[in-house]
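A.B. asks: Supplied in structure tokens, the structure appears directly below.
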Amino acid sequence: MSTRPMTSLERVLTTLGHREPDRVPLFLLLTMHGAQELGLSIETYFSRPESVVEGQLRLRRKYRNDCFYTFFYASVETEAWGGDVLYTDDGPPNAGRPVIRAAEQIRTLEPPRVADAPCLVKVLEATSGLKAAGGGETPIIGVVISPFSVPVMQMGFEPYLNLMFEQPELFEHLMRLNESFCIEWANAQLAAGATAICYFDPVSSSTIVSPEHFRRTGFQVAKRTLAGIKGPVAMHFASGRCMPIMDDLPDTGAAVVGVSMLDDLAALKQRVAGKMSLLGNLNGVEMRRWTAAQAEEQVRAAIGAAGHGGGFILSDNHGEIPYQVREDTLLAISEAVHRWGTYPLDVSGERASFPRPKTPRS
């Protein structure tokens, strides 16, 4: 009988099938750390797809990561719509002045074509480069911002909320425009070599809108959009709570949900076991201050809460690890996954054991 370790892709597919692989998969969702590896500024790093390819290859080797992550920065999408990008030395690039400065502009707005947006083409080139370099053994995770959440960058938060509640006709028109763009952008990444798409939707989280409002708005948008995406999708709330809407999420068509450290991971696992897989939920903000021992304990707790029976990928809770998180902390996280995440799990050690989630009825 072969004892060959699984490839990262085999490991992930096994856990997504709600079976136990050889080890809990590790998705360290690192973006800006590639610039550190190459000694480049963040702006220079993201200006060349070849740099992102090399950065992701180095990060995977160093941290024994189970994915490549082709996310550049969130505002790459509003950049494609004609917006500006604001760079900083030690954080993610942000959106500049809103591209929609008055709600009436929405009536004449047209979505950009992916092929005509140089900023998006760079992401596609990085994706195809990683596809060529990865040999098909490592999942490549592409990213879209949901049509329901991207208006925060297109318009600004307050104008968008006003639109949502006061001008429902224009709101629906904007959703349809954004859905069209989102589907094209997701499918372009899949065609370039992405294995799956992470659909970031923080505005749908129960931290921002009520579950009732989500069911009328973001939920409907997600169902329409995910139906047009020609590959597997993970729905991610970028640190926002999702427990109050967890029962709705399988109906979006997503196979995975990225969950917050504000939610109870063991309770989430029991709620969706056999229906959806979980991605999470290490606290990226607190991670900046973790010792190696704290990193190990956090990893062990997460695996103990959600790792049994498969259906769990260890990651951070936001979808992007802060630039300030140190190399030694990331190495400690990786070491802890390899120590405590090997199946069959045994995370009791010297300290208190963690409750095993209930097995769903067949």
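Chain labels run A, B, ... following the order of the structure tokens; each chain numbers its residues from 1, and ligands are numbered from 1 in the order shown.
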Please list as a PyMOL selection string every residue within 7 Å of stretch 277-285 of chain A, counting only C-alpha atoms and excluding residues in the same chain fewer than 4 positions away.
C.D. replies: chain A and resi 16+255-261+311-318+321-322
A.B. asks: Mind checking DSSP for stretch 142-359 of chain A and telling me the strand (DSSP E) residues as a PyMOL selection string?
C.D. replies: chain A and resi 142-145+196-200+233-236+256-258+277-282+312-316
A.B. asks: Where in stretch 130-296 of chain A does DSSP assign alpha helix (DSSP H), given as a PyMOL selection string?
C.D. replies: chain A and resi 130-134+151-155+157-166+168-192+211-216+218-228+265-272+284-287+292-296
A.B. asks: Take the residues just selected and output them with C-alpha atoms as a PDB file, in the first residue's frame.
C.D. replies:
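After the write, part_25.pdb holds the following:
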```
ATOM      1  CA  LEU A 130       1.060  29.872 -11.557  1.00  0.00           C
ATOM      2  CA  LYS A 131      -0.936  27.282 -13.478  1.00  0.00           C
ATOM      3  CA  ALA A 132       2.126  26.565 -15.600  1.00  0.00           C
ATOM      4  CA  ALA A 133       4.472  26.481 -12.601  1.00  0.00           C
ATOM      5  CA  GLY A 134       2.244  24.446 -10.281  1.00  0.00           C
ATOM      6  CA  PRO A 151     -20.410  49.401  -4.338  1.00  0.00           C
ATOM      7  CA  VAL A 152     -18.753  50.327  -1.019  1.00  0.00           C
ATOM      8  CA  MET A 153     -15.691  51.076  -3.171  1.00  0.00           C
ATOM      9  CA  GLN A 154     -17.629  52.282  -6.202  1.00  0.00           C
ATOM     10  CA  MET A 155     -19.680  54.845  -4.258  1.00  0.00           C
ATOM     11  CA  PHE A 157     -20.321  53.359   2.281  1.00  0.00           C
ATOM     12  CA  GLU A 158     -22.911  55.993   3.204  1.00  0.00           C
ATOM     13  CA  PRO A 159     -24.026  56.775  -0.383  1.00  0.00           C
ATOM     14  CA  TYR A 160     -24.367  53.054  -1.048  1.00  0.00           C
ATOM     15  CA  LEU A 161     -26.513  52.469   2.024  1.00  0.00           C
ATOM     16  CA  ASN A 162     -28.670  55.431   1.022  1.00  0.00           C
ATOM     17  CA  LEU A 163     -29.057  53.950  -2.453  1.00  0.00           C
ATOM     18  CA  MET A 164     -29.916  50.526  -1.050  1.00  0.00           C
ATOM     19  CA  PHE A 165     -32.696  51.812   1.202  1.00  0.00           C
ATOM     20  CA  GLU A 166     -33.954  54.893  -0.622  1.00  0.00           C
ATOM     21  CA  PRO A 168     -34.420  50.499  -4.869  1.00  0.00           C
ATOM     22  CA  GLU A 169     -34.780  50.820  -8.645  1.00  0.00           C
ATOM     23  CA  LEU A 170     -31.263  52.211  -9.084  1.00  0.00           C
ATOM     24  CA  PHE A 171     -29.952  49.738  -6.539  1.00  0.00           C
ATOM     25  CA  GLU A 172     -31.296  46.816  -8.573  1.00  0.00           C
ATOM     26  CA  HIS A 173     -29.889  48.299 -11.768  1.00  0.00           C
ATOM     27  CA  LEU A 174     -26.439  48.573 -10.174  1.00  0.00           C
ATOM     28  CA  MET A 175     -26.677  44.992  -8.959  1.00  0.00           C
ATOM     29  CA  ARG A 176     -27.362  43.757 -12.494  1.00  0.00           C
ATOM     30  CA  LEU A 177     -24.396  45.709 -13.875  1.00  0.00           C
ATOM     31  CA  ASN A 178     -22.110  44.399 -11.161  1.00  0.00           C
ATOM     32  CA  GLU A 179     -23.379  40.840 -11.561  1.00  0.00           C
ATOM     33  CA  SER A 180     -22.541  40.918 -15.262  1.00  0.00           C
ATOM     34  CA  PHE A 181     -19.010  42.142 -14.547  1.00  0.00           C
ATOM     35  CA  CYS A 182     -18.484  39.745 -11.637  1.00  0.00           C
ATOM     36  CA  ILE A 183     -19.467  36.697 -13.689  1.00  0.00           C
ATOM     37  CA  GLU A 184     -17.201  37.690 -16.571  1.00  0.00           C
ATOM     38  CA  TRP A 185     -14.296  38.405 -14.209  1.00  0.00           C
ATOM     39  CA  ALA A 186     -14.691  35.125 -12.317  1.00  0.00           C
ATOM     40  CA  ASN A 187     -14.930  33.063 -15.483  1.00  0.00           C
ATOM     41  CA  ALA A 188     -11.889  34.803 -16.987  1.00  0.00           C
ATOM     42  CA  GLN A 189      -9.858  33.763 -13.938  1.00  0.00           C
ATOM     43  CA  LEU A 190     -11.111  30.185 -14.202  1.00  0.00           C
ATOM     44  CA  ALA A 191     -10.222  30.126 -17.899  1.00  0.00           C
ATOM     45  CA  ALA A 192      -6.721  31.409 -17.048  1.00  0.00           C
ATOM     46  CA  PRO A 211     -30.332  38.418   8.120  1.00  0.00           C
ATOM     47  CA  GLU A 212     -33.737  39.542   6.824  1.00  0.00           C
ATOM     48  CA  HIS A 213     -32.179  42.227   4.667  1.00  0.00           C
ATOM     49  CA  PHE A 214     -29.554  39.783   3.408  1.00  0.00           C
ATOM     50  CA  ARG A 215     -32.262  37.361   2.301  1.00  0.00           C
ATOM     51  CA  ARG A 216     -33.921  40.119   0.239  1.00  0.00           C
ATOM     52  CA  GLY A 218     -27.249  39.917  -1.018  1.00  0.00           C
ATOM     53  CA  PHE A 219     -28.641  36.391  -0.970  1.00  0.00           C
ATOM     54  CA  GLN A 220     -30.569  36.932  -4.217  1.00  0.00           C
ATOM     55  CA  VAL A 221     -27.523  38.574  -5.811  1.00  0.00           C
ATOM     56  CA  ALA A 222     -25.306  35.669  -4.746  1.00  0.00           C
ATOM     57  CA  LYS A 223     -27.676  33.041  -6.150  1.00  0.00           C
ATOM     58  CA  ARG A 224     -27.847  34.781  -9.519  1.00  0.00           C
ATOM     59  CA  THR A 225     -24.122  35.445  -9.700  1.00  0.00           C
ATOM     60  CA  LEU A 226     -22.843  32.066  -8.533  1.00  0.00           C
ATOM     61  CA  ALA A 227     -25.171  30.379 -11.027  1.00  0.00           C
ATOM     62  CA  GLY A 228     -23.168  32.056 -13.795  1.00  0.00           C
ATOM     63  CA  LEU A 265     -16.255  27.430  14.900  1.00  0.00           C
ATOM     64  CA  ALA A 266     -17.434  24.180  16.500  1.00  0.00           C
ATOM     65  CA  ALA A 267     -21.075  25.317  16.330  1.00  0.00           C
ATOM     66  CA  LEU A 268     -20.662  26.282  12.682  1.00  0.00           C
ATOM     67  CA  LYS A 269     -19.197  22.870  11.887  1.00  0.00           C
ATOM     68  CA  GLN A 270     -22.138  21.119  13.508  1.00  0.00           C
ATOM     69  CA  ARG A 271     -24.577  23.368  11.626  1.00  0.00           C
ATOM     70  CA  VAL A 272     -23.256  22.669   8.129  1.00  0.00           C
ATOM     71  CA  GLY A 284      -5.199  37.972  11.476  1.00  0.00           C
ATOM     72  CA  VAL A 285      -5.141  41.179  13.509  1.00  0.00           C
ATOM     73  CA  GLU A 286      -4.119  39.442  16.731  1.00  0.00           C
ATOM     74  CA  MET A 287      -1.711  37.283  14.737  1.00  0.00           C
ATOM     75  CA  ALA A 292       5.042  30.753  18.530  1.00  0.00           C
ATOM     76  CA  ALA A 293       3.270  29.068  21.451  1.00  0.00           C
ATOM     77  CA  GLN A 294       0.151  31.203  20.964  1.00  0.00           C
ATOM     78  CA  ALA A 295       0.133  30.436  17.246  1.00  0.00           C
ATOM     79  CA  GLU A 296       0.301  26.722  17.991  1.00  0.00           C
TER      80      GLU A 296
END
```
A.B. asks: Interatomic distance between atom CA of A:Asp84 and atom CA of A:Gly96?
C.D. replies: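 Here the two named atoms are 4.8 Å from each other.
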A.B. asks: Report, in Å with one decimal, the straight-line distance from atom CA of A:Tyr343 to atom CA of A:Leu28.
C.D. replies: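 We find that atom CA of A:Tyr343 and atom CA of A:Leu28 lie 19.8 Å from each other.
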A.B. asks: For A:Thr31, find every residue with an atom within 10 Å (counting only C-alpha atoms), except residues of its own chain fewer than 4 positions away, and show them as a list in words.
C.D. replies: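 Once the nearby chain positions are removed, what remains is Ala35, Gln36, Ile42, Phe46, Val52, Gly55, Gln56, Leu59, Phe68, Tyr69, Thr70, Phe71, Phe72, Tyr73, Pro92, Gly319, Glu320, Ile321, Pro322 and Tyr323 of chain A.
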A.B. asks: If I take atom CA of A:Arg113 and atom CA of A:Ser41, how far is one from the other in Å, to one decimal?
C.D. replies: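 Those two atoms sit 28.7 Å apart.
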A.B. asks: Just want the 9 Å neighbourhood of A:Pro112, counted on only C-alpha atoms, with same-chain residues fewer than 3 positions away dropped. Output as a ChimeraX atom specification.
C.D. replies: /A:80-82,115-117,181
A.B. asks: Which one is closest to A:Arg23: A:Arg241, A:Arg48, A:Arg326, A:His308? Count only C-alpha atoms.
C.D. replies: A:His308
A.B. asks: Looking at only C-alpha atoms, which of A:Gly307, A:Gly231, A:Gly156, A:Gly135 is the one that sits closest to A:Thr342?
C.D. replies: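 Residue with the minimum atom-to-atom distance to A:Thr342: A:Gly307.
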